[in-house]
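Raw contents of input.txt, compact mmCIF, C-alpha atoms and all ligand atoms:
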```txt
# COMPACT_ATOMS: atom_id res chain seq x y z
CA MET A 1 -12.27 10.40 -7.84
CA LEU A 2 -9.71 7.86 -9.00
CA ILE A 3 -7.19 6.73 -6.40
CA ALA A 4 -4.26 4.66 -7.65
CA GLU A 5 -2.42 2.33 -5.33
CA ILE A 6 0.90 0.55 -5.71
CA THR A 7 2.99 -1.25 -3.14
CA ASP A 8 6.25 -3.03 -2.42
CA THR A 9 8.34 -1.26 -5.02
CA HIS A 10 11.54 -2.37 -3.20
CA LEU A 11 13.89 0.18 -4.77
CA MET A 12 17.64 0.04 -4.11
CA ASP A 13 20.19 2.81 -3.77
CA GLY A 14 21.55 3.74 -7.20
CA GLY A 15 18.70 1.84 -8.89
CA LEU A 16 20.52 -1.47 -8.44
CA PRO A 17 18.46 -4.63 -8.90
CA ALA A 18 16.91 -6.08 -5.73
CA TYR A 19 18.27 -9.52 -4.77
CA GLY A 20 20.82 -9.10 -7.54
CA SER A 21 18.38 -9.67 -10.38
CA ILE A 22 14.99 -7.95 -9.95
CA ASP A 23 15.07 -4.58 -11.70
CA THR A 24 12.64 -2.93 -9.30
CA ARG A 25 13.37 0.51 -10.77
CA ALA A 26 12.26 -0.61 -14.25
CA PHE A 27 9.20 -2.26 -12.73
CA LEU A 28 8.22 0.99 -11.01
CA GLU A 29 8.75 2.88 -14.29
CA ALA A 30 6.38 0.41 -15.96
CA ALA A 31 3.78 0.86 -13.20
CA VAL A 32 3.97 4.64 -13.62
CA ASP A 33 3.66 4.24 -17.41
CA LYS A 34 0.48 2.26 -16.83
CA LEU A 35 -0.98 4.85 -14.48
CA ALA A 36 -0.03 7.66 -16.85
CA SER A 37 -1.83 5.88 -19.70
CA LEU A 38 -5.18 5.66 -17.89
CA SER A 39 -8.18 7.73 -18.81
CA PRO A 40 -9.22 9.38 -16.60
CA ARG A 41 -5.83 9.83 -14.96
CA PRO A 42 -5.59 9.02 -11.24
CA ASP A 43 -6.02 11.97 -8.89
CA VAL A 44 -3.73 10.63 -6.20
CA LEU A 45 -1.28 7.78 -5.58
CA LEU A 46 -1.17 5.64 -2.42
CA VAL A 47 1.85 3.47 -1.65
CA ALA A 48 1.36 0.73 0.97
CA GLY A 49 4.98 0.37 2.07
CA ASP A 50 8.31 -1.22 1.23
CA VAL A 51 8.95 1.71 -1.07
CA SER A 52 12.62 0.88 -0.51
CA GLU A 53 14.44 -2.44 -0.32
CA ASP A 54 17.48 -1.07 1.52
CA GLY A 55 16.03 1.96 3.35
CA THR A 56 18.57 4.34 1.79
CA ALA A 57 18.00 8.02 1.05
CA GLY A 58 19.05 7.25 -2.54
CA SER A 59 16.28 4.70 -2.99
CA TYR A 60 13.64 7.22 -1.87
CA ARG A 61 15.13 9.83 -4.21
CA ILE A 62 14.71 7.44 -7.15
CA PHE A 63 11.13 6.70 -6.11
CA ARG A 64 10.28 10.39 -5.97
CA GLU A 65 11.88 11.07 -9.37
CA ILE A 66 9.90 8.29 -11.03
CA VAL A 67 6.46 9.03 -9.53
CA ALA A 68 6.88 12.81 -9.99
CA ARG A 69 6.03 12.21 -13.65
CA LEU A 70 2.40 11.62 -12.65
CA GLY A 71 2.16 15.13 -11.17
CA ILE A 72 -0.28 14.01 -8.46
CA PRO A 73 -0.07 13.89 -4.65
CA VAL A 74 1.61 10.74 -3.29
CA PHE A 75 0.95 9.27 0.18
CA VAL A 76 3.23 6.60 1.64
CA VAL A 77 3.34 4.34 4.71
CA PRO A 78 6.49 2.49 5.80
CA GLY A 79 7.01 -1.25 5.43
CA ASN A 80 9.51 -3.56 7.08
CA HIS A 81 12.20 -2.76 4.47
CA ASP A 82 11.79 0.99 4.89
CA ALA A 83 13.86 3.08 7.30
CA ARG A 84 11.50 5.36 9.19
CA GLU A 85 13.77 8.41 9.44
CA ASN A 86 15.04 8.25 5.87
CA MET A 87 11.47 7.91 4.68
CA ARG A 88 10.36 10.84 6.82
CA SER A 89 13.17 13.02 5.43
CA ALA A 90 12.31 12.03 1.86
CA PHE A 91 8.59 12.83 2.12
CA LEU A 92 8.34 15.43 4.92
CA ALA A 93 8.17 18.37 2.51
CA ASP A 94 4.91 16.98 1.10
CA GLY A 95 3.30 18.15 4.34
CA TYR A 96 1.34 15.12 5.58
CA LEU A 97 3.90 13.21 7.69
CA PRO A 98 4.43 14.00 11.38
CA SER A 99 7.82 15.51 12.17
CA GLU A 100 8.57 12.90 14.84
CA GLY A 101 7.46 9.48 16.05
CA HIS A 102 5.61 6.89 14.01
CA LEU A 103 4.47 7.83 10.51
CA ASP A 104 0.73 7.75 11.32
CA TYR A 105 -1.37 10.48 9.71
CA ILE A 106 -4.73 11.61 8.43
CA ALA A 107 -5.04 13.14 4.95
CA GLU A 108 -8.00 14.42 3.00
CA ILE A 109 -8.27 12.97 -0.47
CA GLY A 110 -11.15 14.78 -2.14
CA PRO A 111 -14.31 13.54 -0.42
CA LEU A 112 -12.46 10.68 1.32
CA THR A 113 -10.21 10.51 4.35
CA LEU A 114 -7.01 8.50 4.31
CA ILE A 115 -5.89 7.21 7.69
CA ALA A 116 -2.38 5.76 7.46
CA LEU A 117 -0.83 3.53 10.10
CA ASP A 118 2.87 2.84 10.54
CA THR A 119 3.25 -0.86 11.40
CA LEU A 120 7.06 -0.92 11.04
CA VAL A 121 9.07 -2.53 13.85
CA GLU A 122 12.62 -1.76 12.76
CA GLY A 123 14.72 -4.90 12.39
CA GLU A 124 11.67 -7.20 12.28
CA VAL A 125 9.67 -8.63 9.40
CA HIS A 126 6.31 -8.63 11.21
CA GLY A 127 4.32 -5.49 12.09
CA GLU A 128 2.76 -4.06 15.23
CA ILE A 129 0.43 -1.29 16.39
CA ALA A 130 0.90 -0.59 20.09
CA PRO A 131 -2.25 0.05 22.22
CA GLU A 132 -1.76 3.83 22.44
CA ARG A 133 -1.64 4.04 18.67
CA ARG A 134 -4.84 2.04 18.41
CA ASP A 135 -6.31 4.79 20.60
CA TRP A 136 -5.01 7.31 18.08
CA LEU A 137 -6.73 5.36 15.29
CA GLU A 138 -9.96 5.37 17.25
CA SER A 139 -9.87 9.14 17.73
CA ALA A 140 -8.90 9.64 14.06
CA LEU A 141 -11.88 7.55 12.95
CA HIS A 142 -14.14 9.37 15.37
CA GLU A 143 -12.97 12.77 14.12
CA THR A 144 -13.61 11.82 10.49
CA ARG A 145 -16.72 9.65 10.99
CA ASN A 146 -18.89 11.74 8.67
CA ARG A 147 -16.71 11.07 5.63
CA PRO A 148 -15.85 7.80 3.89
CA ALA A 149 -12.46 6.56 5.07
CA ILE A 150 -9.66 4.40 3.74
CA VAL A 151 -7.26 2.83 6.25
CA MET A 152 -3.82 1.97 4.83
CA LEU A 153 -1.02 0.03 6.52
CA HIS A 154 1.80 -2.18 5.27
CA HIS A 155 1.40 -5.38 7.30
CA PRO A 156 -1.93 -7.15 6.76
CA PRO A 157 -3.76 -7.30 10.10
CA PHE A 158 -6.00 -10.13 8.86
CA ALA A 159 -5.50 -13.80 7.97
CA THR A 160 -5.07 -14.88 4.36
CA GLY A 161 -4.66 -18.63 4.95
CA THR A 162 -1.09 -18.54 3.65
CA LYS A 163 2.13 -19.01 5.59
CA MET A 164 2.72 -15.27 5.18
CA ASP A 165 0.18 -14.74 7.99
CA GLU A 166 3.03 -15.41 10.43
CA ILE A 167 4.65 -12.12 9.38
CA GLY A 168 1.57 -9.88 9.28
CA CYS A 169 0.52 -7.26 11.82
CA ARG A 170 0.44 -8.91 15.24
CA ASP A 171 -2.34 -6.82 16.73
CA GLY A 172 -4.94 -7.58 14.09
CA ASP A 173 -7.76 -8.56 16.43
CA ALA A 174 -7.34 -5.45 18.56
CA LEU A 175 -7.22 -3.31 15.43
CA ALA A 176 -10.35 -5.02 14.09
CA ALA A 177 -12.16 -4.21 17.35
CA VAL A 178 -11.51 -0.49 16.72
CA ILE A 179 -12.34 -0.47 13.00
CA ARG A 180 -15.52 -2.48 13.52
CA ARG A 181 -17.00 0.38 15.56
CA PHE A 182 -17.05 2.74 12.55
CA ASP A 183 -19.30 2.22 9.56
CA ASN A 184 -17.56 4.84 7.41
CA VAL A 185 -14.47 2.66 6.75
CA GLU A 186 -14.79 1.73 3.08
CA ILE A 187 -11.71 -0.47 2.89
CA VAL A 188 -8.48 -1.45 4.66
CA LEU A 189 -5.48 -1.52 2.30
CA ALA A 190 -2.28 -3.48 2.98
CA GLY A 191 0.83 -4.65 1.14
CA HIS A 192 3.73 -6.85 2.28
CA PHE A 193 2.48 -10.25 1.04
CA HIS A 194 3.20 -9.55 -2.66
CA ARG A 195 -0.08 -11.05 -3.78
CA SER A 196 -3.56 -9.76 -4.51
CA VAL A 197 -5.92 -10.87 -1.71
CA HIS A 198 -9.43 -9.68 -0.81
CA ARG A 199 -11.60 -10.46 2.16
CA ARG A 200 -14.19 -9.20 4.59
CA TRP A 201 -12.60 -8.09 7.85
CA ALA A 202 -13.61 -5.96 10.81
CA GLY A 203 -17.00 -5.29 9.23
CA THR A 204 -15.51 -3.81 6.07
CA ALA A 205 -13.61 -4.80 2.92
CA ALA A 206 -9.91 -5.59 3.26
CA ASN A 207 -7.36 -6.00 0.55
CA ILE A 208 -3.71 -6.67 -0.21
CA CYS A 209 -2.27 -5.18 -3.40
CA SER A 210 0.29 -7.02 -5.55
CA SER A 211 3.86 -5.76 -5.66
CA THR A 212 4.84 -3.66 -8.69
CA ALA A 213 7.72 -6.16 -9.15
CA HIS A 214 8.04 -9.71 -7.76
CA GLN A 215 5.23 -11.82 -6.26
CA MET A 216 5.28 -14.45 -3.54
CA GLY A 217 4.20 -17.88 -4.70
CA LEU A 218 0.68 -18.84 -3.67
CA ASP A 219 1.17 -21.14 -0.69
CA LEU A 220 -2.07 -22.37 0.81
CA ALA A 221 -0.36 -25.66 1.77
CA HIS A 222 2.23 -23.97 4.02
CA ALA A 223 5.13 -25.78 2.35
CA PRO A 224 8.60 -25.33 3.86
CA GLY A 225 10.55 -22.29 2.64
CA PHE A 226 9.14 -19.72 0.25
CA LYS A 227 9.31 -19.03 -3.46
CA VAL A 228 9.28 -15.78 -5.41
CA PHE A 229 7.79 -15.65 -8.90
CA MET A 230 7.76 -13.03 -11.63
CA GLU A 231 3.98 -13.26 -12.00
CA PRO A 232 2.38 -10.26 -13.76
CA PRO A 233 2.43 -7.28 -11.39
CA GLN A 234 -0.63 -5.09 -10.96
CA VAL A 235 -1.66 -1.63 -9.94
CA GLN A 236 -4.85 -1.16 -8.01
CA LEU A 237 -7.44 1.52 -8.67
CA LEU A 238 -10.01 2.69 -6.15
CA HIS A 239 -12.78 4.38 -8.05
CA TRP A 240 -15.06 6.50 -5.89
CA ARG A 241 -18.39 7.82 -7.04
CA PRO A 242 -20.70 9.47 -4.48
CA GLU A 243 -23.75 7.72 -5.96
CA THR A 244 -22.30 4.21 -5.95
CA GLY A 245 -19.42 4.23 -3.47
CA LEU A 246 -16.03 2.61 -3.87
CA ALA A 247 -15.13 -0.04 -6.46
CA VAL A 248 -11.66 -1.59 -6.59
CA HIS A 249 -10.02 -2.61 -9.86
CA GLN A 250 -6.79 -4.54 -10.35
CA VAL A 251 -5.04 -3.69 -13.58
CA PRO A 252 -2.06 -5.67 -14.89
CA ILE A 253 0.98 -3.54 -15.67
CA GLY A 254 2.01 -3.56 -19.32
CA ASP A 255 0.36 -3.14 -22.72
CA TYR A 256 -2.07 -5.76 -23.90
CA GLU A 257 -3.43 -6.32 -27.35
CA CYS A 258 -7.09 -5.57 -27.98
CA VAL A 259 -8.33 -8.62 -29.88
CA HIS A 260 -11.95 -7.63 -30.41
CA GLU A 261 -13.89 -4.43 -30.47
CA GLY A 262 -17.66 -4.43 -30.17
CA ARG A 263 -20.09 -1.60 -30.74
FE FE B 1 7.02 -5.94 3.52
```

Using structure tokens, write down the structure that the file contains.
Amino acid sequence: MLIAEITDTHLMDGGLPAYGSIDTRAFLEAAVDKLASLSPRPDVLLVAGDVSEDGTAGSYRIFREIVARLGIPVFVVPGNHDARENMRSAFLADGYLPSEGHLDYIAEIGPLTLIALDTLVEGEVHGEIAPERRDWLESALHETRNRPAIVMLHHPPFATGTKMDEIGCRDGDALAAVIRRFDNVEIVLAGHFHRSVHRRWAGTAANICSSTAHQMGLDLAHAPGFKVFMEPPQVQLLHWRPETGLAVHQVPIGDYECVHEGR
């Protein structure tokens, strides 16, 4: 089972560049090219939020057109740039999103369960999961406790040591208390910080995937302001084998020369 993950595609209505200069549409095309070139091909695509930069129906339409080329199921969660109702309308026909309320859901992905959490607080950059939705997570994990699970949400609920922590998911400790009670959670996947980060959290592995486009500068010194860099974007692959469990691979987007071949 090969699960591909991308995040923070930040598409604009009409395919316009984000922030006037970042061609997020072309970057998504390149990410899809990379995924399409893999052998074996991914079975499913996860998207950890900020699919859109401007929350428009047009931006979601472009996203769907581009990823349709892969011909595999796509599962999304909203980020702070997404508009919940436009996102729901764009993806409702795929059958996994609830028809009202937050975009929390459970989906079966082969032998694994995906539990997706909507951390979007419209108009805010940070994320939240209210107590009653933590209860929902607990019952979802309980229901699916006999299968390996992946939890996906946009705002990282854990610390990374960077200034970005100020705009993560505010209820991280309470969320950790729920996740810690279940030993079938293989990994917690987040986006939002536009950098690749890995850590142990809540008794499991936790991870932030790079954006398909622009990355936030590494800031462990908490310098004033923030800087965006065009560092190489990556896709993430979650490779599941029943015998050995889950392994996570980051793969840079683009074609790279093979400079040596052994035998
Ligand atoms: Fe975000």

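Distances here use only C-alpha atoms; by that measure, the residue among A:Ala48, A:Leu103, A:Leu70, A:Pro42 closest to Val151 of chain A is A:Ala48.
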
| task | Find the residues near Ala149 of chain A: any atom within 7 Å, counting all atoms listed in the file, skip ones fewer than 5 places away on the same chain, and give them as a PyMOL selection string. | result | chain A and resi 112-114+184-186

| request: Could you give me, as an MDAnalysis selection string, the residues within 8 Å of Ala140 of chain A, counting all atoms listed in the file and dropping anything in the same chain fewer than 3 positions from it? | output: chainID A and resid 106 115 136:137 143:144

| Mind listing the residues within 6 Å of ligand FE 1 (chain B), only C-alpha atoms and all ligand atoms counted, as a ChimeraX atom specification? | /A:50,79-80,192

| 8 Å contact set for Phe182 of chain A, all atoms listed in the file, chain neighbours under 4 positions out, as a list in words |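 In the requested format, the answer is Leu141, His142, Arg145 and Val178 of chain A.
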
| field | Nearest-residue call for Cys169 of chain A, choices A:Leu45, A:Val77, A:Val121, A:Ile22, using only C-alpha atoms | value |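 Using only C-alpha atoms, Cys169 of chain A sits closest to A:Val121.
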
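Between atom CA of Arg84 of chain A and atom CA of Gly101 of chain A the separation is 9.0 Å.
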
| query | Taking into account all atoms listed in the file, which residue in the set A:Lys34, A:Arg241, A:Arg41, A:Arg180 is nearest to Ala205 of chain A? | reply |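 Under the stated criterion, the closest residue is A:Arg180.
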
| Using all atoms listed in the file, can you list as a PyMOL selection string the residues within 6 Å of (17.9, 8.7, 4.3)? | chain A and resi 56-57+86

| query | If I put a ball of radius 6 Å at (6.1, -2.9, -16.7) in the file's coordinates, which residues poke into it when counting all atoms listed in the file, written as number ranges by chain? | reply | A: 27, 30-31, 253-254
